[in-house]
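Following: one structure in structure tokens, then a few remarks.
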Amino acid sequence: MKKLGSIFKWAYLALTLVFLYAPIAVLIIFSFTDSRTMSKWNGFTLTAYREMLNDSALMDALKVTLVVAIVSAVAATIIGTTAAIGINSMKRRRRLLVENISQLPMINPDLVTGISLMMLFSFIGLSSRLGYLRLILAHTAFNIPYVMFSVLPKLRQSSNLLYEAAMDLGCRPTQALWKVVLPDIMPGVISGFIMAFTLSIDDFVISWFVADGVQNLSIYIYGLAKRGISTKINAFSALMFVVVVTLLLIVNIRSMRQEKLDAAQRKKVAKNG
Amino acid sequence: MKRNVLAYPYIAVWLPIFVVVPMLFIAYYAFFDNGQFTLEFVKSLREPMYWNVILRSAWLAVRATLICILIGFPVAYMLSKMKKSAATLLSIFYILPMWMNALLRTYAWKVLLADGGIVSVILEFFGIHGVSLLYTEGAVLLGTVYNFLPFMIMPIYTTLMKLDKSYIEAASDLGANGFQTFIKVVLPLAKPGIVSGITMVLVPSMSTFAISKLLGGANHALLGDLIEQKFLLSSTGYGMGSILSLILLVLVLISTAIMRRVEKDNGEAEGGMLW
Amino acid sequence: MKRIVAILLTLVMLAASLSFLTACGDNSKTLYVLNWGDYIDPDLIKQFEQQTGYKINYTTLTSNEEMLIKLRSPDCIYDLCFPSDYVIEKLIAEDMLAEINKDNIPNLKNIDERFIEISNQFDPGNKYSVPYMWGTVGIVYNKEMVDEPVDSWNALWDEKYAGQVLMYNSMRDSIGITLIKLGYDINTRNADQVAEARDELIAQKNIRKGFFDDAIKDDMIGNQGALAVVYSGDAMLCIDEEEGNPNLEYVVPKEGSNVWFDNIIIPKTSSKQAMAEEFINFLCDAEVAKQNTEYIGYSTPNKAALELMDESWTENPVYNPPQDVLDRCTIFHDLGDFLSVFEEAWNKVYFEN
């Protein structure tokens, strides 16, 4: 019975992953041909990879994307988490008000957010020559609600008693927050960070409106659509994908090993004790 | 120190500058035309077409959200019961596809769903012939679910991580069957996560626009498309687009208010469950 | 794990501060260009940079409308832009363009008189813009999927091809060709005619597969439709031997069609007009224009360049259409306030179903 359940479980996970990765597979397959569209297979070749490496605009765009995604995700995680901790301890009425207002960047269509932020930046006189700064601020702005809504449920789950107990045991408030509350909500913080990073990488519309003279990957790729997105972009994505997966696996194998070691250690301690 | 102090910089500085002021710009355009106060744009809302589009979008967003819960909850639950390191890795794999460019992903879906594409071949294998998949409402729904599924899985997964095996064991020791355990132990624990997931899926999917164009052939144009056209094409400025954005805002706030009420009603029960 | 994160973060912060520094560097030699993606041969940009010592900052856009919003912004930083005809007319009306100093552009003589004349229709006196690329709007059809050669817009309404017709997702183009089909002017200011066109498009609902953006050519190449409304430049890709589909054919219908231009303009806000003119002059050079048009595949208005090109281009009626095709095509004009009538019609077609 248990075995059946486990088979079912893995089959289900596999199925959902097939759903998520089917388009990615298509994308990677087409990186091995040389074409301007994904509707025609022009025979196996690696020219797309060579073209990709020669495309300096693409490499510049990658740099912009990574810098903006990481900086804005870190900023959004810090601001969003602190704010969420504060908001969560407010009175219900006020809490709901702030939560509702915080939601706005999520509700607005990207286009509206983009145009209104563009207006804001020229209103407060943040020069359009500072394209990088504008991009980072805008991305932070639309990322914050995602971090908040990822952290808030963990906070709601985390008991107040924990914080108070830490204080009773002589912790200063900052210590209590840092050593007790934060570890407790950490999974929410991490998933908030990952989501913020993802959204930032993926964003086109908002970036296009706020940034001048700086382009990230999506601005570059959407721009190509007029004349056909050539498979060099597929090659680029495929390569990026492989790099990310490899990195993830390396980091994770290390932490899996660590986990095993810890478990063994604990067993030993238990035995000796 | 009270913890709510932590929210003050955010409330006093960030929110006004980056959220409220931009929104005021939009509100301004909704009610002012060339510096003159006007109700012209509000009056245009009598046009039933707008409400049809809004209803259509809401209905699509609701279905997409439900499907995301149905697919995503079991995933999150299974992840939460795995070893932590394995679960972390797998959970990242659920969001990783979104790191590939959205336009490329959608083009790839077009390859899959095209007439004679892989999906139709599979369907034919099961004896389903001659269905056009691309440029239908189903394709738009699929694209929406695809793009938002990770945002449902992540928050539910992180809240379920707290689910200790001992809870479930305790419940079954006390004579609860699997279903009862699920309803009374697992679900309440996951509720904050589900609520966050709904917020992060329902709310943005109300206003998506590229998907309905690329996968729906604009045959099922949504509110996001409408607002986009009003902003980009309109010769009368941003007014109509702005008023429609405000309507969207009000609708979403109302639905969140309802959701919060539901959450609160069950909130007491949840406390009782855990203690 | 923690150490890795820390190292990563430090690296990123370093990269970020470096990019800020470079961004704040000397801007006086940088030209900011806003253009469609892949709409210039990148080697030419390098060549220009080497020749002059200037730096080109190239940003891409996806639609004329988005570009308008950017150009209207009070702190627009762009020095050069490549909008389409009716947009230029609008920009001129809004007094947003700088008058081009033709003394700085001796290569202007390379541009075909015919196109200067057409350009004159939306930019009177050719004061503000220089033709960059041009083309027609027509039908790409799949010979295997249609019974007889297509030569009329009526084919897009033919019941035989129900579910096989791909329309272009653009208000002006879709309503425009419908007006031509009905025998009206594409720049009509007669509300009844626009209403008629609207009803015609609504009646097409079950024949049309949908309205499509750039992906329309992918669909045609991938045999996902029998007929599609396409720009001649994109048709070049559809019928291309290597990239395209051998069954596809391009035709400019006999009733007439739209001829379009993408011209180079300098926004009034630009402070580097002379530099921008230098770049325009460079692009109008015969050799440069030849290399550029061969890279892009869109038709060049540069006569001197055309003379340098071989027959595979010049004899290709899609790339270089005969005069009689050009004669039956009309340019789009900015419709001013009447545009709202078009918009209302388009909204009905697009959103009411």
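Chain labels A, B, ... are given in the sequence in which chains occur in the structure tokens; within each chain residues are numbered consecutively from 1, and ligands are likewise numbered from 1 in the order shown.
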Requested in this report: Taking only C-alpha atoms into account, report as a PyMOL selection string which residues of chain B lie within 8 Å of chain C.
Outcome: chain B and resi 49+52-53+114-115+135+213-214+216-222+226+232-236
Please identify all residues of chain A having at least one atom at most 7 Å from any atom of chain C, considering only C-alpha atoms, and return them as a short mmCIF file (atom, residue, chain, number, x, y, z; two decimals) with C-alpha atoms, in the first residue's frame.
data_model
loop_
_atom_site.label_atom_id
_atom_site.label_comp_id
_atom_site.auth_asym_id
_atom_site.auth_seq_id
_atom_site.Cartn_x
_atom_site.Cartn_y
_atom_site.Cartn_z
CA SER A 35 16.51 29.43 -37.92
CA ARG A 36 14.62 32.63 -37.38
CA THR A 37 11.53 30.90 -36.06
CA SER A 39 8.28 26.68 -36.64
CA LYS A 40 10.93 25.29 -38.92
CA VAL A 67 22.48 42.83 -11.69
CA SER A 122 10.35 62.12 -14.28
CA SER A 128 16.49 58.97 -17.30
CA GLY A 213 19.52 53.48 -22.67
CA VAL A 214 19.75 50.28 -20.64
CA GLN A 215 18.22 47.06 -21.84
CA ILE A 219 13.66 44.08 -23.70
CA TYR A 220 16.23 42.70 -26.09
CA TYR A 222 10.88 41.11 -27.25
CA GLY A 223 12.48 43.61 -29.59
CA LEU A 224 13.68 40.79 -31.80
CA ALA A 225 10.15 39.48 -32.29
CA LYS A 226 9.46 41.91 -35.13
CA ARG A 227 12.01 40.20 -37.32
CA VAL A 251 25.04 23.37 -4.02
#
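Restricting the calculation to only C-alpha atoms, the smallest distance between Ser218 (chain A) and any of A:Asn54, A:Thr246, A:Gln103, A:Thr65 is found for A:Thr65.
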Query raised in the report: Residues at most 9 Å from region 82-96 of chain B, counting only C-alpha atoms, excluding those fewer than 4 positions away in the same chain, as a VMD selection string?
Result: (chain A and resid 16 to 17 20 191 194 to 195 198 241 244 to 245 248 to 249 252 to 253 255 to 256 259) or (chain B and resid 76 78 100 149 to 151 153 to 154 157 161)
Selection above as a file: N, CA and C atoms, as a short mmCIF file (atom, residue, chain, number, x, y, z; two decimals), in the first residue's frame:
data_model
loop_
_atom_site.label_atom_id
_atom_site.label_comp_id
_atom_site.auth_asym_id
_atom_site.auth_seq_id
_atom_site.Cartn_x
_atom_site.Cartn_y
_atom_site.Cartn_z
N THR A 16 3.57 16.75 -13.33
CA THR A 16 3.55 18.21 -13.25
C THR A 16 4.84 18.80 -13.79
N LEU A 17 5.95 18.10 -13.55
CA LEU A 17 7.21 18.62 -14.08
C LEU A 17 7.25 18.53 -15.60
N LEU A 20 5.54 21.50 -16.81
CA LEU A 20 6.32 22.72 -16.70
C LEU A 20 7.51 22.75 -17.65
N SER A 191 11.59 31.79 -0.19
CA SER A 191 10.73 31.64 -1.37
C SER A 191 10.31 33.01 -1.90
N ILE A 194 13.19 34.10 -4.03
CA ILE A 194 13.23 33.40 -5.32
C ILE A 194 12.15 33.92 -6.26
N MET A 195 10.97 34.17 -5.70
CA MET A 195 9.90 34.66 -6.55
C MET A 195 10.23 36.06 -7.08
N THR A 198 12.69 35.76 -9.81
CA THR A 198 12.04 35.23 -11.01
C THR A 198 11.26 36.31 -11.74
N PHE A 241 20.16 27.66 -18.85
CA PHE A 241 19.43 26.63 -18.12
C PHE A 241 20.40 25.58 -17.57
N VAL A 244 22.48 26.95 -14.69
CA VAL A 244 21.72 27.10 -13.45
C VAL A 244 21.47 25.74 -12.80
N VAL A 245 21.07 24.77 -13.60
CA VAL A 245 20.77 23.45 -13.04
C VAL A 245 22.03 22.84 -12.44
N LEU A 248 22.76 24.51 -9.15
CA LEU A 248 21.80 24.07 -8.14
C LEU A 248 22.16 22.71 -7.61
N LEU A 249 22.51 21.81 -8.54
CA LEU A 249 22.81 20.45 -8.12
C LEU A 249 24.06 20.43 -7.24
N ASN A 252 23.25 21.76 -3.90
CA ASN A 252 22.35 20.89 -3.17
C ASN A 252 22.97 19.58 -2.72
N ILE A 253 23.85 19.04 -3.57
CA ILE A 253 24.50 17.80 -3.16
C ILE A 253 25.33 18.05 -1.91
N SER A 255 24.67 20.27 0.40
CA SER A 255 23.84 20.41 1.60
C SER A 255 23.18 19.08 1.95
N MET A 256 22.94 18.22 0.94
CA MET A 256 22.39 16.90 1.25
C MET A 256 23.40 16.11 2.07
N GLU A 259 23.49 17.30 5.50
CA GLU A 259 22.32 16.83 6.23
C GLU A 259 22.56 15.42 6.78
N ALA B 76 2.74 20.83 -3.45
CA ALA B 76 3.28 21.46 -2.25
C ALA B 76 3.26 20.49 -1.08
N MET B 78 3.29 17.16 -1.16
CA MET B 78 4.30 16.12 -1.33
C MET B 78 5.69 16.66 -1.05
N MET B 100 13.29 31.27 -17.89
CA MET B 100 13.46 31.37 -19.34
C MET B 100 12.53 32.48 -19.81
N LEU B 149 1.44 28.90 -11.94
CA LEU B 149 1.47 27.74 -11.05
C LEU B 149 2.56 27.82 -9.96
N PRO B 150 3.79 28.19 -10.31
CA PRO B 150 4.82 28.25 -9.26
C PRO B 150 4.46 29.20 -8.13
N PHE B 151 3.70 30.25 -8.45
CA PHE B 151 3.35 31.22 -7.42
C PHE B 151 2.25 30.70 -6.50
N ILE B 153 2.37 27.17 -5.78
CA ILE B 153 3.09 26.10 -5.09
C ILE B 153 3.96 26.65 -3.96
N MET B 154 4.72 27.72 -4.26
CA MET B 154 5.71 28.20 -3.29
C MET B 154 5.11 28.55 -1.92
N TYR B 157 3.73 25.50 -0.08
CA TYR B 157 4.82 24.63 0.35
C TYR B 157 5.47 25.15 1.62
N MET B 161 5.50 23.25 5.36
CA MET B 161 6.73 22.73 5.93
C MET B 161 6.61 22.55 7.44
#
Query - Proximity to chain B - best of A:Ile70, A:Ala83, A:Ala176, A:Ala264, only C-alpha atoms - result: A:Ala83
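One finds CA of Ala98 (chain C) at 24.4 Å from CA of Phe123 (chain A).
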